[in-house]
Structure formats: C-alpha cells, structure tokens
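*Asks:* Sharing data-v7.cif here; it has mmCIF, C-alpha atoms.
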data_final
loop_
_atom_site.label_atom_id
_atom_site.label_comp_id
_atom_site.auth_asym_id
_atom_site.auth_seq_id
_atom_site.Cartn_x
_atom_site.Cartn_y
_atom_site.Cartn_z
CA MET U 1 -16.72 -2.59 13.87
CA LYS U 2 -15.91 0.15 16.36
CA ARG U 3 -13.32 -1.93 18.23
CA GLU U 4 -11.29 -3.00 15.18
CA PRO U 5 -9.20 0.21 14.77
CA GLY U 6 -7.93 -0.11 18.34
CA LEU U 7 -7.13 -3.77 17.81
CA ILE U 8 -5.20 -3.01 14.61
CA LEU U 9 -3.22 -0.29 16.40
CA PHE U 10 -2.43 -2.71 19.25
CA LEU U 11 -1.18 -5.34 16.79
CA LEU U 12 1.01 -2.76 15.06
CA ILE U 13 2.62 -1.85 18.38
CA LEU U 14 3.38 -5.51 19.09
CA ILE U 15 4.94 -5.91 15.64
CA PHE U 16 7.08 -2.79 16.10
CA ARG U 17 8.36 -4.06 19.46
CA GLY U 18 9.46 -7.36 17.97
CA PHE U 19 11.07 -5.83 14.90
CA GLY U 20 14.77 -6.19 14.31
CA GLN U 21 15.57 -9.04 16.71
CA GLU U 22 17.78 -12.11 16.20
CA SER U 23 19.29 -11.26 12.84
CA ASP U 24 21.40 -13.56 10.71
CA PRO U 25 24.15 -12.05 8.48
CA LEU U 26 23.65 -14.84 5.90
CA HIS U 27 20.16 -13.68 4.97
CA GLY U 28 20.42 -10.50 2.92
CA VAL U 29 17.92 -9.12 0.41
CA GLY U 30 18.46 -6.99 -2.67
CA LEU U 31 16.80 -3.79 -3.75
CA THR U 32 14.43 -5.65 -6.08
CA VAL U 33 12.76 -7.45 -3.17
CA ILE U 34 12.78 -4.31 -1.04
CA SER U 35 11.09 -2.32 -3.81
CA GLN U 36 8.50 -5.06 -4.43
CA VAL U 37 7.49 -5.02 -0.78
CA ASN U 38 7.18 -1.23 -0.81
CA GLN U 39 5.38 -0.97 -4.15
CA GLY U 40 2.73 -3.48 -3.07
CA SER U 41 1.09 -6.46 -4.76
CA SER U 42 -1.61 -6.71 -7.39
CA TYR U 43 -4.92 -8.12 -6.17
CA ILE U 44 -8.57 -8.66 -6.98
CA THR U 45 -11.29 -8.92 -4.34
CA PHE U 46 -14.26 -11.24 -4.13
CA PRO U 47 -17.81 -9.75 -4.08
CA THR U 48 -18.05 -10.47 -0.35
CA ASP U 49 -16.96 -7.19 1.26
CA ILE U 50 -18.19 -6.74 4.82
CA GLY U 51 -18.65 -3.13 5.86
CA ASN U 52 -19.86 0.22 4.63
CA ILE U 53 -18.36 0.27 1.12
CA GLU U 54 -20.72 0.36 -1.86
CA PRO U 55 -21.70 -3.12 -3.17
CA LEU U 56 -18.91 -4.24 -5.52
CA MET U 57 -18.38 -7.13 -7.89
CA PHE U 58 -14.67 -6.62 -7.32
CA GLU U 59 -11.89 -4.12 -6.70
CA ALA U 60 -8.68 -4.68 -8.65
CA ASN U 61 -5.30 -3.12 -7.99
CA LEU U 62 -2.86 -3.56 -10.89
CA ILE U 63 0.77 -2.79 -10.05
CA PRO U 64 3.17 -3.79 -12.86
CA ASN U 65 6.75 -2.70 -12.17
CA PHE U 66 9.46 -1.92 -14.73
CA TYR U 67 12.98 -1.89 -13.29
CA ILE U 68 15.85 0.37 -14.30
CA ARG U 69 19.14 -0.92 -12.90
CA LYS U 70 22.69 -1.81 -13.80
CA SER U 71 22.56 -5.32 -12.29
CA LYS U 72 20.47 -7.36 -9.86
CA ASN U 73 22.90 -6.54 -7.05
CA ALA U 74 22.96 -2.79 -7.76
CA ARG U 75 22.54 -0.41 -4.82
CA LEU U 76 20.65 2.08 -7.02
CA LEU U 77 17.32 1.12 -8.60
CA GLY U 78 14.61 2.94 -10.54
CA VAL U 79 11.05 1.62 -10.81
CA LEU U 80 8.39 2.76 -13.27
CA THR U 81 4.88 1.76 -12.17
CA PRO U 82 1.67 2.49 -14.15
CA GLN U 83 -0.64 1.60 -11.26
CA ILE U 84 -4.40 1.36 -11.83
CA ILE U 85 -7.15 0.77 -9.25
CA LEU U 86 -10.65 0.03 -10.52
CA ARG U 87 -13.98 -0.98 -9.04
CA MET U 88 -16.85 -2.80 -10.73
CA TYR U 89 -20.09 -1.97 -8.98
CA ASP U 90 -22.82 -4.50 -8.30
CA GLU U 91 -25.47 -2.49 -10.12
CA ARG U 92 -27.36 -2.64 -13.40
CA SER U 93 -24.88 -3.23 -16.25
CA TYR U 94 -22.05 -3.65 -13.69
CA PRO U 95 -20.37 -0.30 -14.36
CA VAL U 96 -16.65 0.36 -13.80
CA ARG U 97 -16.58 3.95 -12.58
CA THR U 98 -13.76 6.48 -12.53
CA PRO U 99 -10.71 4.22 -12.18
CA SER U 100 -7.75 5.63 -10.27
CA TYR U 101 -4.69 6.11 -12.47
CA ILE U 102 -1.52 6.42 -10.39
CA PRO U 103 1.56 6.37 -12.68
CA GLN U 104 4.72 6.86 -10.65
CA ILE U 105 8.49 6.69 -10.73
CA THR U 106 10.43 5.63 -7.65
CA VAL U 107 14.18 5.66 -7.02
CA TYR U 108 15.70 3.44 -4.33
CA TYR U 109 19.22 3.57 -2.90
CA LYS U 110 20.59 0.94 -0.54
CA LEU U 111 22.82 2.40 2.16
CA THR U 112 24.23 -0.94 3.35
CA GLU U 113 26.00 -3.79 1.60
CA TYR U 114 24.04 -6.52 -0.17
CA GLU U 115 25.27 -9.32 2.15
CA SER U 116 23.99 -7.65 5.31
CA SER U 117 20.80 -9.01 6.90
CA GLN U 118 19.97 -5.61 8.40
CA ASN U 119 19.62 -3.23 5.48
CA LEU U 120 18.70 0.41 5.38
CA SER U 121 17.43 1.94 2.15
CA ILE U 122 16.07 5.34 1.19
CA TYR U 123 13.66 6.14 -1.61
CA GLY U 124 11.96 9.01 -3.36
CA ARG U 125 8.81 8.88 -5.47
CA PHE U 126 6.96 11.21 -7.81
CA ALA U 127 3.37 10.19 -8.62
CA HIS U 128 0.24 11.44 -10.36
CA HIS U 129 -3.26 10.43 -9.23
CA SER U 130 -6.28 11.16 -11.42
CA ASN U 131 -9.53 9.59 -12.59
CA GLY U 132 -9.58 10.47 -16.30
CA GLN U 133 -12.75 12.58 -16.04
CA ASP U 134 -13.40 16.18 -17.13
CA GLY U 135 -16.70 17.08 -15.49
CA ASP U 136 -17.29 19.71 -12.81
CA PHE U 137 -15.84 18.80 -9.41
CA PHE U 138 -19.05 19.80 -7.60
CA MET U 139 -22.65 19.26 -8.64
CA ASP U 140 -25.25 22.04 -8.50
CA ASN U 141 -26.29 21.02 -4.99
CA GLY U 142 -22.71 21.41 -3.73
CA GLU U 143 -21.97 17.69 -3.39
CA VAL U 144 -18.86 16.11 -4.89
CA ASN U 145 -19.47 14.79 -8.41
CA LEU U 146 -18.51 11.13 -7.93
CA LEU U 147 -19.37 10.00 -11.45
CA THR U 148 -17.72 12.53 -13.79
CA GLY U 149 -15.93 15.02 -11.53
CA ASP U 150 -12.35 15.90 -12.51
CA PHE U 151 -9.96 14.62 -9.80
CA ALA U 152 -6.22 15.18 -10.15
CA THR U 153 -3.27 15.61 -7.81
CA ASN U 154 0.50 15.23 -8.05
CA TYR U 155 2.71 14.41 -5.12
CA PHE U 156 6.12 13.27 -4.04
CA GLU U 157 7.02 10.90 -1.24
CA THR U 158 10.31 10.21 0.49
CA GLY U 159 11.29 7.88 3.29
CA PHE U 160 13.43 4.95 4.39
CA ILE U 161 13.02 1.19 4.62
CA LYS U 162 14.73 -1.04 7.19
CA THR U 163 14.93 -4.78 6.58
CA ASN U 164 15.88 -7.59 8.92
CA PHE U 165 15.87 -11.39 9.04
CA ASN U 166 14.56 -12.95 12.23
CA THR U 167 16.16 -16.38 12.76
CA ARG U 168 13.79 -17.35 15.55
CA PHE U 169 10.72 -17.16 13.32
CA ASN U 170 12.54 -17.74 10.00
CA ALA U 171 10.95 -14.56 8.69
CA TYR U 172 11.93 -11.40 6.84
CA GLN U 173 10.78 -8.11 8.35
CA PHE U 174 10.40 -4.73 6.66
CA PHE U 175 9.70 -1.39 8.30
CA LYS U 176 8.89 1.72 6.27
CA THR U 177 8.26 5.30 7.27
CA SER U 178 7.74 8.12 4.80
CA ILE U 179 6.28 11.57 4.22
CA GLU U 180 3.93 12.28 1.30
CA ILE U 181 3.47 15.88 0.15
CA HIS U 182 0.95 17.31 -2.33
CA PRO U 183 2.28 20.81 -3.07
CA ARG U 184 -0.20 23.63 -3.41
CA GLY U 185 -1.18 24.13 -7.06
CA TRP U 186 -0.20 20.58 -8.08
CA GLY U 187 -3.77 19.32 -8.28
CA SER U 188 -7.40 20.28 -8.66
CA ASP U 189 -8.06 23.63 -6.97
CA GLU U 190 -11.26 22.25 -5.45
CA LEU U 191 -9.23 19.86 -3.26
CA GLU U 192 -7.87 22.73 -1.19
CA GLY U 193 -9.10 22.47 2.39
CA ILE U 194 -10.91 19.15 1.95
CA TYR U 195 -8.06 16.83 0.93
CA SER U 196 -4.98 16.17 3.09
CA ARG U 197 -1.84 17.50 1.40
CA TYR U 198 0.61 16.08 3.99
CA ARG U 199 0.63 12.43 5.05
CA TRP U 200 2.88 10.37 7.31
CA HIS U 201 2.98 6.70 6.30
CA ASN U 202 4.24 3.78 8.39
CA ALA U 203 4.19 0.11 7.44
CA VAL U 204 5.49 -3.14 8.89
CA SER U 205 5.63 -6.30 6.76
CA ILE U 206 6.56 -9.80 7.93
CA PHE U 207 7.14 -12.73 5.53
CA LYS U 208 7.23 -16.16 7.19
CA LEU U 209 9.30 -18.63 5.17
CA PRO U 210 8.66 -22.39 5.05
CA ALA U 211 11.24 -24.92 6.29
CA LYS U 212 14.38 -24.73 4.20
CA ASP U 213 14.18 -26.78 1.01
CA SER U 214 17.62 -28.11 0.13
CA ARG U 215 16.57 -28.40 -3.52
CA SER U 216 15.96 -24.68 -3.86
CA THR U 217 18.04 -21.57 -3.18
CA LYS U 218 14.95 -19.35 -3.19
CA ASN U 219 11.93 -19.58 -0.93
CA LYS U 220 8.49 -18.03 -1.14
CA ALA U 221 6.74 -16.95 2.05
CA ASP U 222 3.87 -19.22 3.13
CA ILE U 223 2.28 -16.43 5.16
CA SER U 224 2.79 -12.68 5.23
CA ILE U 225 1.33 -9.95 7.41
CA LYS U 226 1.34 -6.25 6.61
CA GLY U 227 0.17 -3.52 8.94
CA GLU U 228 -0.10 0.12 7.80
CA ALA U 229 -0.88 3.36 9.58
CA THR U 230 -1.20 6.81 7.95
CA TRP U 231 -1.76 10.15 9.65
CA MET U 232 -3.19 12.96 7.51
CA PHE U 233 -1.99 16.49 8.30
CA GLY U 234 -3.16 19.85 7.00
CA LEU U 235 -6.63 21.27 6.47
CA VAL U 236 -9.21 18.53 6.03
CA ASN U 237 -12.69 20.00 6.27
CA ASP U 238 -13.16 21.05 9.90
CA LEU U 239 -11.16 18.25 11.55
CA ASN U 240 -9.09 19.30 14.53
CA ALA U 241 -5.39 18.45 14.70
CA ILE U 242 -5.87 15.28 16.76
CA SER U 243 -9.11 13.98 15.26
CA ALA U 244 -9.29 10.19 14.98
CA GLU U 245 -10.59 10.67 11.43
CA ARG U 246 -7.08 11.69 10.39
CA LEU U 247 -5.87 8.13 11.02
CA ASN U 248 -6.03 5.40 8.38
CA LEU U 249 -5.29 1.79 9.41
CA SER U 250 -5.08 -1.47 7.53
CA LEU U 251 -4.05 -5.03 8.26
CA THR U 252 -3.52 -7.57 5.46
CA ILE U 253 -2.90 -11.29 5.96
CA TYR U 254 -1.76 -13.30 2.94
CA TYR U 255 -1.61 -17.10 2.62
CA HIS U 256 0.09 -18.94 -0.23
CA PRO U 257 -1.20 -22.51 -0.71
CA LYS U 258 1.43 -24.96 -1.93
CA PHE U 259 -0.65 -25.93 -4.97
CA LEU U 260 -0.62 -22.37 -6.37
CA GLU U 261 2.41 -20.82 -8.04
CA ASP U 262 2.12 -17.03 -8.21
CA ILE U 263 -1.15 -16.20 -6.45
CA GLY U 264 -2.56 -16.69 -2.97
CA LEU U 265 -5.48 -15.75 -0.76
CA PHE U 266 -5.71 -12.63 1.37
CA VAL U 267 -7.98 -11.03 3.91
CA GLN U 268 -7.74 -7.33 4.71
CA TYR U 269 -9.30 -4.99 7.20
CA TYR U 270 -9.25 -1.30 6.28
CA HIS U 271 -10.39 1.64 8.41
CA GLY U 272 -9.99 5.17 7.10
CA SER U 273 -10.55 7.55 4.21
CA ASP U 274 -11.41 6.07 0.84
CA TYR U 275 -8.37 6.06 -1.50
CA TYR U 276 -10.46 5.84 -4.71
CA ASN U 277 -10.05 9.31 -6.28
CA MET U 278 -13.32 11.30 -5.95
CA TYR U 279 -14.50 9.08 -3.09
CA PHE U 280 -11.85 10.51 -0.74
CA GLY U 281 -14.55 12.04 1.47
CA HIS U 282 -15.97 8.64 2.41
CA ARG U 283 -14.85 6.87 5.60
CA LEU U 284 -14.51 3.12 5.11
CA ASP U 285 -14.70 0.38 7.70
CA VAL U 286 -14.47 -2.80 5.67
CA ILE U 287 -13.23 -6.40 5.61
CA ARG U 288 -12.49 -7.89 2.19
CA PHE U 289 -11.24 -11.17 0.76
CA GLY U 290 -9.58 -11.99 -2.54
CA LEU U 291 -6.63 -13.18 -4.61
CA MET U 292 -3.22 -11.52 -4.52
CA THR U 293 -0.03 -11.90 -6.54
CA GLU U 294 3.01 -11.95 -4.27
CA LYS U 295 5.98 -13.03 -6.39
CA LEU U 296 8.66 -12.36 -3.81
CA ARG U 297 11.53 -14.86 -3.68
CA PHE U 298 13.93 -14.78 -0.72
#
Could you render the structure from this file as structure tokens?
*Replies:*
Amino acid sequence: MKREPGLILFLLILIFRGFGQESDPLHGVGLTVISQVNQGSSYITFPTDIGNIEPLMFEANLIPNFYIRKSKNARLLGVLTPQIILRMYDERSYPVRTPSYIPQITVYYKLTEYESSQNLSIYGRFAHHSNGQDGDFFMDNGEVNLLTGDFATNYFETGFIKTNFNTRFNAYQFFKTSIEIHPRGWGSDELEGIYSRYRWHNAVSIFKLPAKDSRSTKNKADISIKGEATWMFGLVNDLNAISAERLNLSLTIYYHPKFLEDIGLFVQYYHGSDYYNMYFGHRLDVIRFGLMTEKLRF
C-alpha cells in the first residue's frame, strides 16, 4: 500500500481547490449540524480489515452527543460527548482489550448569521483520553505494556470550521483546521518524548444531497466523503522535523442506501499512527469496511 498515502494527499488537494465555490444564500446550516460533522459519526467495522492491523472481529466508535443550547438556532452551543472506542480481537475468547475512553466537552460559536450559506464557526474542546488500566507503562523488557499499561493524557483543541453549499453539485462542504495541545504534566509521564503533544488537524467533508424532494424540507446525504490530514509536532522518538511518519491521513466514503433509515455503509483508508491508547507506537496502513450512523439532516 505504499502508493495510497500519496493518492490520499492528492485527493485532499483537489477537494481543497474546489471548496467554497458556487454558493447559494438559501442553504444555511445551524450549529447542530456543524458540530455533528466535527464530532464524527458512530460506526462498527466488519471483520474484513485489509492491512497491518491486528486481526479484529470489529472496531466500534461510540459517539453520543448531549447538546447544551438555548434554541436550535442559537449561535452558541455546548456539546458533552462520552466517546468510547473499543476493539474485539479475533483470538481465543474474543477479548475486548483496553478500550479508549475519550470524554470531552466542546463549545461552538457561530460567527455568521444562520441564514448565510457560507458560515464561519470557532470551537474549543477539552478532552481526556485513557484506557482504564493501572499496570506499569513498560514491561521488564522495556516494551510498552499493551495489555494493562496505564495510558492517560488530557488535551485541549481549538480551531475554526468553514461551511459552504455548492449549487453545482448540490452538496454541503465543511473545512476544519485546528490545533491540539497536550500540556506537559497533563498525562502519563512515560509519554514524554514518545507521544506527540502538538498536532495540527485538517479535514474536508462533502455531503452530496439527492434530488430535492418536494414532500420533505430536510434531506439526508446519499454519499459523503471525508478527508483528514494530521501533522504531529514535538518530540516523537527520534523522528526528524519533516519525517513522513509525522503525517496521518485518512479518507472515508459513506453511502446511505434508500432502504435504510439511520445507518449506511462506509469504506475507509487510514495511514498513520494508531489512535487506540497504548497502541500509539504502531503505524497502521489499513482499509476497513463497516456500518456508520450519519443522522445529519440538511
């Protein structure tokens, strides 16, 4: 899969170039939709991963959101999210090992009026990431203790989100850029020097709507595409400042069949550091398939 990272990067550049064109002032979105796109969707994968990840029965990402707002059209919104990522391994007894617990609170503020099709919003997030274990971080041989090692870090993230409606393709577009910071002393001491404490995130999401249905004022995207790129700064083992291993890339394509209500099918390619707590030292190059909940209504 050596050529896939370059292909993903090329596709991201094409998406960025086409972003923000042919807007329509009649197609505005509220903060609820903007936050749902940024928070992500819950999913579960099939046991058909292609790549160098350990054999899994499934990976599940659970992202329930609880909204704090004055009204649906409010320009200020708070979101409480008790996110959990877990993996069931295809081994004897099918163990579920060291789930990632990522509770977080995010505050969004919309800088433009609700009716505008080109919106600009800012957000700030405080999050905790741990695995609920209390064992030693390293084993006696110096390797990371993947099974019972205590992983914990706290971080905050801030950035902005630009939204646009493209009339030519009848699609909503979202662009996000943000900085994530893990302050020194806010996590396990053993992470110092081997875990990136500064990360620059960028994401582009496109939601293609079906032909307008006169019987409905809300539409659900038939197809969506999300491309993400993250650059990891700071001390990470012995990586130099421009090492390709500092770059994480992903591309997710989602399809919503008409006969399903709240779930659809997705395929994702991911290239980069493992995001599953103690497994952060692993480099993944994987294609996965599964079911995803994408309840966005435009």
*Asks:* Which residues, written as an MDAnalysis selection string, have at least one atom at most 10 Å from Lys162 (chain U), with all atoms listed in the file counted and residues fewer than 3 positions away on the same chain left out?
*Replies:* chainID U and resid 19:20 34 110 118:122 173:177 204
*Asks:* Report the residues retrieved by the PyMOL selection byres ((chain U and resi 181) around 8) from the displayed file, expressed as a list in words.
*Replies:*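 Applying the expression gives Tyr155, Phe156, Glu157, Ile179, Glu180, His182, Pro183, Arg197, Tyr198 and Arg199 of chain U.
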*Asks:* Considering only C-alpha atoms, return as a ChimeraX atom specification whatever protein or nucleic-acid residues lie within 9 Å of Pro47 (chain U), sequence-local ones (same chain, fewer than 2 positions apart) excluded.
*Replies:* /U:45,49,55-59,90,288-290
*Asks:* Please produce an output containing C-alpha atoms for each residue in the selection, written as a PDB file, in the coordinates of the input.
*Replies:*
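Everything below was put into selection_25.pdb:
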ATOM      1  CA  THR U  45     -11.290  -8.920  -4.340  1.00  0.00           C
ATOM      2  CA  ASP U  49     -16.960  -7.190   1.260  1.00  0.00           C
ATOM      3  CA  PRO U  55     -21.700  -3.120  -3.170  1.00  0.00           C
ATOM      4  CA  LEU U  56     -18.910  -4.240  -5.520  1.00  0.00           C
ATOM      5  CA  MET U  57     -18.380  -7.130  -7.890  1.00  0.00           C
ATOM      6  CA  PHE U  58     -14.670  -6.620  -7.320  1.00  0.00           C
ATOM      7  CA  GLU U  59     -11.890  -4.120  -6.700  1.00  0.00           C
ATOM      8  CA  ASP U  90     -22.820  -4.500  -8.300  1.00  0.00           C
ATOM      9  CA  ARG U 288     -12.490  -7.890   2.190  1.00  0.00           C
ATOM     10  CA  PHE U 289     -11.240 -11.170   0.760  1.00  0.00           C
ATOM     11  CA  GLY U 290      -9.580 -11.990  -2.540  1.00  0.00           C
TER      12      GLY U 290
END
*Asks:* Which residues, named as in the file, does the PyMOL selection byres ((chain U and resi 138-150) around 9) pick out? Answer as a list in words.
*Replies:*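 Matching residues under the PyMOL selection byres ((chain U and resi 138-150) around 9) are Arg97, Thr98, Ser130, Asn131, Gly132, Gln133, Asp134, Gly135, Asp136, Phe137, Phe151, Ala152, Ser188, Glu190, Asn277, Met278, Tyr279 and Gly281 of chain U.
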*Asks:* Taking all atoms listed in the file into account, name the residue in U:Thr230, U:Ser224, U:Thr293, U:Ser93 that is nearest to Thr252 (chain U).
*Replies:* U:Ser224
*Asks:* Applied to this file, what does the PyMOL selection byres ((chain U and resi 266-275) around 10) return in terms of residues, put as a PyMOL selection string?
*Replies:* chain U and resi 1-2+4-5+8+43-45+49-51+53+85+100+223-232+244-256+263-265+276-293
*Asks:* Please, could you write that set of residues out with C-alpha atoms as a tab-separated table (two decimals), in the coordinates of the input?
*Replies:*
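Resulting contents of selection.tsv:
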chain	number	residue	atom	x	y	z
U	1	MET	CA	-16.72	-2.59	13.87
U	2	LYS	CA	-15.91	0.15	16.36
U	4	GLU	CA	-11.29	-3.00	15.18
U	5	PRO	CA	-9.20	0.21	14.77
U	8	ILE	CA	-5.20	-3.01	14.61
U	43	TYR	CA	-4.92	-8.12	-6.17
U	44	ILE	CA	-8.57	-8.66	-6.98
U	45	THR	CA	-11.29	-8.92	-4.34
U	49	ASP	CA	-16.96	-7.19	1.26
U	50	ILE	CA	-18.19	-6.74	4.82
U	51	GLY	CA	-18.65	-3.13	5.86
U	53	ILE	CA	-18.36	0.27	1.12
U	85	ILE	CA	-7.15	0.77	-9.25
U	100	SER	CA	-7.75	5.63	-10.27
U	223	ILE	CA	2.28	-16.43	5.16
U	224	SER	CA	2.79	-12.68	5.23
U	225	ILE	CA	1.33	-9.95	7.41
U	226	LYS	CA	1.34	-6.25	6.61
U	227	GLY	CA	0.17	-3.52	8.94
U	228	GLU	CA	-0.10	0.12	7.80
U	229	ALA	CA	-0.88	3.36	9.58
U	230	THR	CA	-1.20	6.81	7.95
U	231	TRP	CA	-1.76	10.15	9.65
U	232	MET	CA	-3.19	12.96	7.51
U	244	ALA	CA	-9.29	10.19	14.98
U	245	GLU	CA	-10.59	10.67	11.43
U	246	ARG	CA	-7.08	11.69	10.39
U	247	LEU	CA	-5.87	8.13	11.02
U	248	ASN	CA	-6.03	5.40	8.38
U	249	LEU	CA	-5.29	1.79	9.41
U	250	SER	CA	-5.08	-1.47	7.53
U	251	LEU	CA	-4.05	-5.03	8.26
U	252	THR	CA	-3.52	-7.57	5.46
U	253	ILE	CA	-2.90	-11.29	5.96
U	254	TYR	CA	-1.76	-13.30	2.94
U	255	TYR	CA	-1.61	-17.10	2.62
U	256	HIS	CA	0.09	-18.94	-0.23
U	263	ILE	CA	-1.15	-16.20	-6.45
U	264	GLY	CA	-2.56	-16.69	-2.97
U	265	LEU	CA	-5.48	-15.75	-0.76
U	276	TYR	CA	-10.46	5.84	-4.71
U	277	ASN	CA	-10.05	9.31	-6.28
U	278	MET	CA	-13.32	11.30	-5.95
U	279	TYR	CA	-14.50	9.08	-3.09
U	280	PHE	CA	-11.85	10.51	-0.74
U	281	GLY	CA	-14.55	12.04	1.47
U	282	HIS	CA	-15.97	8.64	2.41
U	283	ARG	CA	-14.85	6.87	5.60
U	284	LEU	CA	-14.51	3.12	5.11
U	285	ASP	CA	-14.70	0.38	7.70
U	286	VAL	CA	-14.47	-2.80	5.67
U	287	ILE	CA	-13.23	-6.40	5.61
U	288	ARG	CA	-12.49	-7.89	2.19
U	289	PHE	CA	-11.24	-11.17	0.76
U	290	GLY	CA	-9.58	-11.99	-2.54
U	291	LEU	CA	-6.63	-13.18	-4.61
U	292	MET	CA	-3.22	-11.52	-4.52
U	293	THR	CA	-0.03	-11.90	-6.54
*Asks:* Hey, can I get the axis-aligned box for region 93-104 of chain U? All listed atoms, 5 Å padding on each side, centre and edge lengths in Å to one decimal, as JSON.
*Replies:*
{"center_x": -10.1, "center_y": 1.6, "center_z": -13.3, "size_x": 39.6, "size_y": 20.5, "size_z": 16.0}
*Asks:* Quick one: pull the distance between CA of Ile206 (chain U) and CA of Ser243 (chain U), Å, one decimal.
*Replies:*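 We find that CA of Ile206 (chain U) and CA of Ser243 (chain U) lie 29.4 Å from each other.
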*Asks:* Taking only C-alpha atoms into account, which of U:Ala60, U:Ile102, U:Ala221, U:Val37 comes nearest Leu209 (chain U)?
*Replies:* U:Ala221
*Asks:* Between U:Tyr172, U:Phe160, U:Trp186, U:Phe233, which is the closest to Ala203 (chain U) once you count all atoms listed in the file?
*Replies:*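 Of U:Tyr172, U:Phe160, U:Trp186, U:Phe233, the one nearest Ala203 (chain U) is U:Phe160, counting all atoms listed in the file.
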*Asks:* Which protein, DNA or RNA residues are at most 9 Å from (11.9, 6.4, -6.5) in the file's coordinates when you count all atoms listed in the file, listed as a VMD selection string?
*Replies:* chain U and resid 77 to 80 104 to 109 122 to 126 157 to 158
*Asks:* Out of U:Asn38, U:Gln83, U:Asn237, U:Ser205, which residue has the shortest atom-to-atom distance to Leu191 (chain U) when counting only C-alpha atoms?
*Replies:* U:Asn237
*Asks:* Just the number, please: distance in Å from CA of Asn65 (chain U) to CA of Glu294 (chain U), one decimal.
*Replies:*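 Here the two named atoms are 12.7 Å from each other.
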*Asks:* Of the candidates U:Gln39, U:Asn219, U:Phe165, U:Asp238, which one gets nearest to Ile194 (chain U) if we count all atoms listed in the file?
*Replies:*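 Using all atoms listed in the file, Ile194 (chain U) sits closest to U:Asp238.
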*Asks:* Mind giving me the straight-line distance from CA of Glu261 (chain U) to CA of Leu62 (chain U) in Å, one decimal?
*Replies:* 18.3 Å
*Asks:* Restricting the calculation to only C-alpha atoms: of U:Pro210, U:Thr32, U:Ile63, U:Ser42, which residue gets closest to Asp262 (chain U)?
*Replies:*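 Result for the nearest residue to Asp262 (chain U): U:Ser42.
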